[in-house]
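First the structure, in the form of structure tokens, and then the observations on it.
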Amino acid sequence: MLRHLFICLILLAGSSLMAQDLSARIKIDKDRVIGDIDKNIYGNFSEHLGRCIYGGIYDPGSKLSDKQGFRKDVLEAAKGLNVPILRWPGGNFVSGYHWEDGIGPKKDRPERTDLAWHTPEPNTFGTDEFIDYCRKMGTEPYFAVNLGTGTFDEARNWVEYCNVKEGPYYAELRKKNGHPEPHNVKYWSLGNEVDGWWQMGHKNAEDYGKFALEAAKLMKWTSPDIKLIAAGSSNFYGNSDPHGWNRTVLEYLKDYIDYIALHRYVGNRENDYYAFMASTIDVEERTKIVEAQIDEAMSKMRNPRQIYVAWDEYNVWYRARGGEAARGRNALEEKYNLEDALVIAGFLNAFIRNAHIVKMANMAQLVNVIAPIFTNENDMFRQTIYFPLALYANNSFGQSLDVLVDGPTFDTKQYQQVPYLDVSVAYQGEEVVINVVNRHKDQPITAEIISQEGQFSGPFTVFEVNGPDVKTENTFGKEVIKSVKKDDVAASGAGFSYTFPAHSYTMLKGKLK
Ligand code: AHR
């Protein structure tokens, strides 16, 4: 009996210890600037894949669409993401896309079979429709050219169609198609994931470097102010030599490109919550490796000029991947939950913490296909991953500040001492935005937020993305996971404290003078 009582007491003592708040310190110094945050890190991507374009962005038969066939509800939701730049038309699709199929009278446009996703491509949505959509959305178009089955002449002609005011054949063709003014497309990527065996027209690094260099020359000679993005290594673990690919590509293209593109999709196949939470560490590690490779390439440039990193595809993607889930009209229709939303905040924190070199990032993709917006014929809803992206993209601007986080950590098979609190800080004028993911699954963490320079002056506005369980999803008519405005928090002097709930993303916004 006594023994039983003793065990109960030990268990009780243990559980009260467990219930204690964990604590941490977040130290900010407004003098320690990492770099300017480029708004283009909040970009997005729309590919001719599944129901992203047809049935998502563009649905001319629908009662929910405007006169041009654009779904109005989708456009409104997309505007909420404050998308600064939209990549198009792919993705794997672009490696078989011939842009001239998608211009001119719709009745004359050919239907083709897209071999990336094994679907018919009607070509009723093409260059001019995409530009119209970008203008309506208030976003910058970002085109990818076909360096798979395409030619560099085709790439150069597309630049002429979009950017040359008048005179040559393709500029006049655009005018004939009802667009007297040039589209002025500034961002162009030189193919997509050309290092991947799954790509139409897959090449080795040398062949891609040589081919992309000729395309780059012709494109720049046609429109000298364009920004070019090289296809860096797409899949770190799937490619046997990703570092080698990037080094060779930078060596060939360094005098023409402004960015090198990297891609990263993460997932939770093993249902290992903490390993999943730590998965964005890889994004920072890869960024640092590529930054060093850029430095090396720049040291050999004819006219030194900075090249940046563009994470032009990133997201959580593991459920609707492979087999039938990756083919046809309903391909890649991933449903997201709270833990996915926390990982998205982790990606965005990683981009902000590397703001000096990461100058573009594009969540893949906008609608239905691994996307923050999901539709059916009658309705739409915002997936969990919509909400962190919307908070960052509407608030975190200015300079990225270095931040010290001193607090409890966890270990995974791959990484040791991963901080539960994942933090980034943006500072503009006198406004500071503190983004905090508490990755602890069960416990809140109370942090002292300390400014080493200057004084906080409250109140701070607080928004939180959280929910009953890390597996909670949203659906039609039921957006359970969303951003919720909490009570303001008083802050003055050099510090204030805030308790971050378990499995949450919190944005604190206030003054630091
Ligand atoms: O975004 C889905 C696909 O992922 C893209 O088409 C491709 O570039 C990547 O492999």
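Identifiers in this document derive from the order of the structure tokens: chains are assigned A, B, ..., residues are numbered from 1 separately in each chain, and ligands are numbered from 1 in order of occurrence.
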
Margin query: Please identify all protein, DNA and RNA residues within 7 Å of ligand 1, counting only C-alpha atoms and all ligand atoms, and report them as a ChimeraX atom specification.
Written below: /A:47,90-93,192-193,313,364-365

Residue selection dump (all heavy atoms) as a PDB file, in the first residue's frame:
ATOM      1  N   GLU A  47       1.462  26.314 -62.393  1.00  0.00           N
ATOM      2  CA  GLU A  47       1.889  25.440 -63.496  1.00  0.00           C
ATOM      3  C   GLU A  47       0.668  24.851 -64.194  1.00  0.00           C
ATOM      4  O   GLU A  47      -0.388  24.651 -63.565  1.00  0.00           O
ATOM      5  CB  GLU A  47       2.759  24.306 -62.913  1.00  0.00           C
ATOM      6  CG  GLU A  47       3.212  23.295 -63.953  1.00  0.00           C
ATOM      7  CD  GLU A  47       4.295  22.340 -63.444  1.00  0.00           C
ATOM      8  OE1 GLU A  47       4.686  22.432 -62.267  1.00  0.00           O
ATOM      9  OE2 GLU A  47       4.742  21.501 -64.255  1.00  0.00           O
ATOM     10  N   GLY A  90       5.636  26.430 -65.849  1.00  0.00           N
ATOM     11  CA  GLY A  90       6.075  25.246 -65.104  1.00  0.00           C
ATOM     12  C   GLY A  90       7.463  25.523 -64.616  1.00  0.00           C
ATOM     13  O   GLY A  90       8.032  26.582 -64.961  1.00  0.00           O
ATOM     14  N   GLY A  91       7.981  24.640 -63.881  1.00  0.00           N
ATOM     15  CA  GLY A  91       7.669  23.257 -63.574  1.00  0.00           C
ATOM     16  C   GLY A  91       8.006  22.316 -64.752  1.00  0.00           C
ATOM     17  O   GLY A  91       8.471  22.694 -65.823  1.00  0.00           O
ATOM     18  N   ASN A  92       7.814  21.041 -64.449  1.00  0.00           N
ATOM     19  CA  ASN A  92       8.118  20.010 -65.439  1.00  0.00           C
ATOM     20  C   ASN A  92       7.394  20.264 -66.754  1.00  0.00           C
ATOM     21  O   ASN A  92       7.893  19.927 -67.831  1.00  0.00           O
ATOM     22  CB  ASN A  92       7.719  18.638 -64.890  1.00  0.00           C
ATOM     23  CG  ASN A  92       8.505  18.267 -63.641  1.00  0.00           C
ATOM     24  OD1 ASN A  92       9.576  18.820 -63.383  1.00  0.00           O
ATOM     25  ND2 ASN A  92       7.989  17.341 -62.861  1.00  0.00           N
ATOM     26  N   PHE A  93       6.202  20.857 -66.677  1.00  0.00           N
ATOM     27  CA  PHE A  93       5.402  21.120 -67.878  1.00  0.00           C
ATOM     28  C   PHE A  93       6.184  21.946 -68.897  1.00  0.00           C
ATOM     29  O   PHE A  93       6.100  21.710 -70.103  1.00  0.00           O
ATOM     30  CB  PHE A  93       4.119  21.859 -67.469  1.00  0.00           C
ATOM     31  CG  PHE A  93       3.319  22.384 -68.625  1.00  0.00           C
ATOM     32  CD1 PHE A  93       2.462  21.554 -69.338  1.00  0.00           C
ATOM     33  CD2 PHE A  93       3.418  23.723 -69.016  1.00  0.00           C
ATOM     34  CE1 PHE A  93       1.722  22.042 -70.421  1.00  0.00           C
ATOM     35  CE2 PHE A  93       2.686  24.214 -70.088  1.00  0.00           C
ATOM     36  CZ  PHE A  93       1.837  23.369 -70.796  1.00  0.00           C
ATOM     37  N   ASN A 192      13.833  24.300 -66.327  1.00  0.00           N
ATOM     38  CA  ASN A 192      13.366  23.826 -65.019  1.00  0.00           C
ATOM     39  C   ASN A 192      13.945  22.448 -64.701  1.00  0.00           C
ATOM     40  O   ASN A 192      13.858  21.537 -65.535  1.00  0.00           O
ATOM     41  CB  ASN A 192      11.834  23.723 -65.035  1.00  0.00           C
ATOM     42  CG  ASN A 192      11.277  23.107 -63.754  1.00  0.00           C
ATOM     43  OD1 ASN A 192      11.252  23.759 -62.726  1.00  0.00           O
ATOM     44  ND2 ASN A 192      10.846  21.854 -63.824  1.00  0.00           N
ATOM     45  N   GLU A 193      14.537  22.313 -63.538  1.00  0.00           N
ATOM     46  CA  GLU A 193      15.011  21.013 -63.020  1.00  0.00           C
ATOM     47  C   GLU A 193      15.659  20.159 -64.116  1.00  0.00           C
ATOM     48  O   GLU A 193      15.367  18.956 -64.232  1.00  0.00           O
ATOM     49  CB  GLU A 193      13.867  20.247 -62.340  1.00  0.00           C
ATOM     50  CG  GLU A 193      13.344  20.939 -61.101  1.00  0.00           C
ATOM     51  CD  GLU A 193      12.416  20.090 -60.245  1.00  0.00           C
ATOM     52  OE1 GLU A 193      12.028  18.992 -60.673  1.00  0.00           O
ATOM     53  OE2 GLU A 193      12.086  20.547 -59.133  1.00  0.00           O
ATOM     54  N   GLU A 313      10.889  26.949 -56.039  1.00  0.00           N
ATOM     55  CA  GLU A 313       9.843  25.975 -55.692  1.00  0.00           C
ATOM     56  C   GLU A 313      10.143  25.484 -54.281  1.00  0.00           C
ATOM     57  O   GLU A 313      11.257  24.989 -54.023  1.00  0.00           O
ATOM     58  CB  GLU A 313       9.844  24.763 -56.632  1.00  0.00           C
ATOM     59  CG  GLU A 313       9.255  25.030 -57.986  1.00  0.00           C
ATOM     60  CD  GLU A 313       9.148  23.765 -58.837  1.00  0.00           C
ATOM     61  OE1 GLU A 313       8.902  22.665 -58.279  1.00  0.00           O
ATOM     62  OE2 GLU A 313       9.324  23.893 -60.059  1.00  0.00           O
ATOM     63  N   ALA A 364       5.217  26.533 -54.132  1.00  0.00           N
ATOM     64  CA  ALA A 364       4.627  25.752 -55.215  1.00  0.00           C
ATOM     65  C   ALA A 364       3.443  24.994 -54.617  1.00  0.00           C
ATOM     66  O   ALA A 364       3.675  24.186 -53.717  1.00  0.00           O
ATOM     67  CB  ALA A 364       5.646  24.779 -55.779  1.00  0.00           C
ATOM     68  N   GLN A 365       2.258  25.295 -55.131  1.00  0.00           N
ATOM     69  CA  GLN A 365       1.851  26.221 -56.168  1.00  0.00           C
ATOM     70  C   GLN A 365       0.667  27.041 -55.646  1.00  0.00           C
ATOM     71  O   GLN A 365       0.343  26.914 -54.480  1.00  0.00           O
ATOM     72  CB  GLN A 365       1.495  25.445 -57.416  1.00  0.00           C
ATOM     73  CG  GLN A 365       2.649  24.566 -57.911  1.00  0.00           C
ATOM     74  CD  GLN A 365       2.404  23.966 -59.286  1.00  0.00           C
ATOM     75  OE1 GLN A 365       1.395  24.175 -59.923  1.00  0.00           O
ATOM     76  NE2 GLN A 365       3.374  23.165 -59.738  1.00  0.00           N
TER      77      GLN A 365
END

List every residue of region 179-275 of chain A that has an atom at most 7 Å from any atom of region 156-171 of chain A, giving for each one its closest atom pair and the distance in Å to one decimal, counting only C-alpha atoms, sorted by chain and then by ascending residue number, as CSV.
residue,atom,partner,partner_atom,distance
A:Glu181,CA,A:Lys165,CA,6.3
A:Pro182,CA,A:Asn163,CA,5.0
A:His183,CA,A:Cys162,CA,5.0
A:Asn184,CA,A:Asn163,CA,4.7
A:Val185,CA,A:Asn163,CA,6.4
A:Ala215,CA,A:Arg156,CA,6.9
A:Leu218,CA,A:Arg156,CA,5.7
A:Met219,CA,A:Arg156,CA,4.8
A:Thr222,CA,A:Glu160,CA,6.3
A:Ser223,CA,A:Asn163,CA,6.6

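Take CA of Lys175 (chain A) and CA of Phe143 (chain A): the distance between them is 19.6 Å.
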
Notebook entry, point to check: Nearest to Ser451 (chain A) among A:Ile370, A:Ile34, A:Ile53, A:Leu401, with distances taken over only C-alpha atoms: which residue is it?
Noted result: A:Leu401

Next item on the list: May I ask which of the residues A:Ala205, A:Met277, A:Val470, A:Ile41 is the closest one to Met363 (chain A), counting only C-alpha atoms?
Entry: A:Ile41

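CA of Phe397 (chain A) lies 12.9 Å from CA of Val33 (chain A).
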
Check: Any idea what's packed within 9 Å of Glu430 (chain A), counting only C-alpha atoms, ignoring anything in its chain fewer than 6 positions away? Could you give it as a PyMOL selection string?
Finding: chain A and resi 510-513

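Using only C-alpha atoms, the nearest neighbour of Gly69 (chain A) within the list A:Asp153, A:Glu431, A:Glu479, A:Glu129 is A:Glu129.
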
Checklist line | Coordinates-based distance that separates CA of Asp442 (chain A) from CA of Ser497 (chain A) (Å, one decimal) | finding: 19.8 Å

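Proximity ranking of A:Thr151, A:Thr499, A:Asn466, A:Ser189 relative to Ile449 (chain A) places A:Thr499 first, based on only C-alpha atoms.
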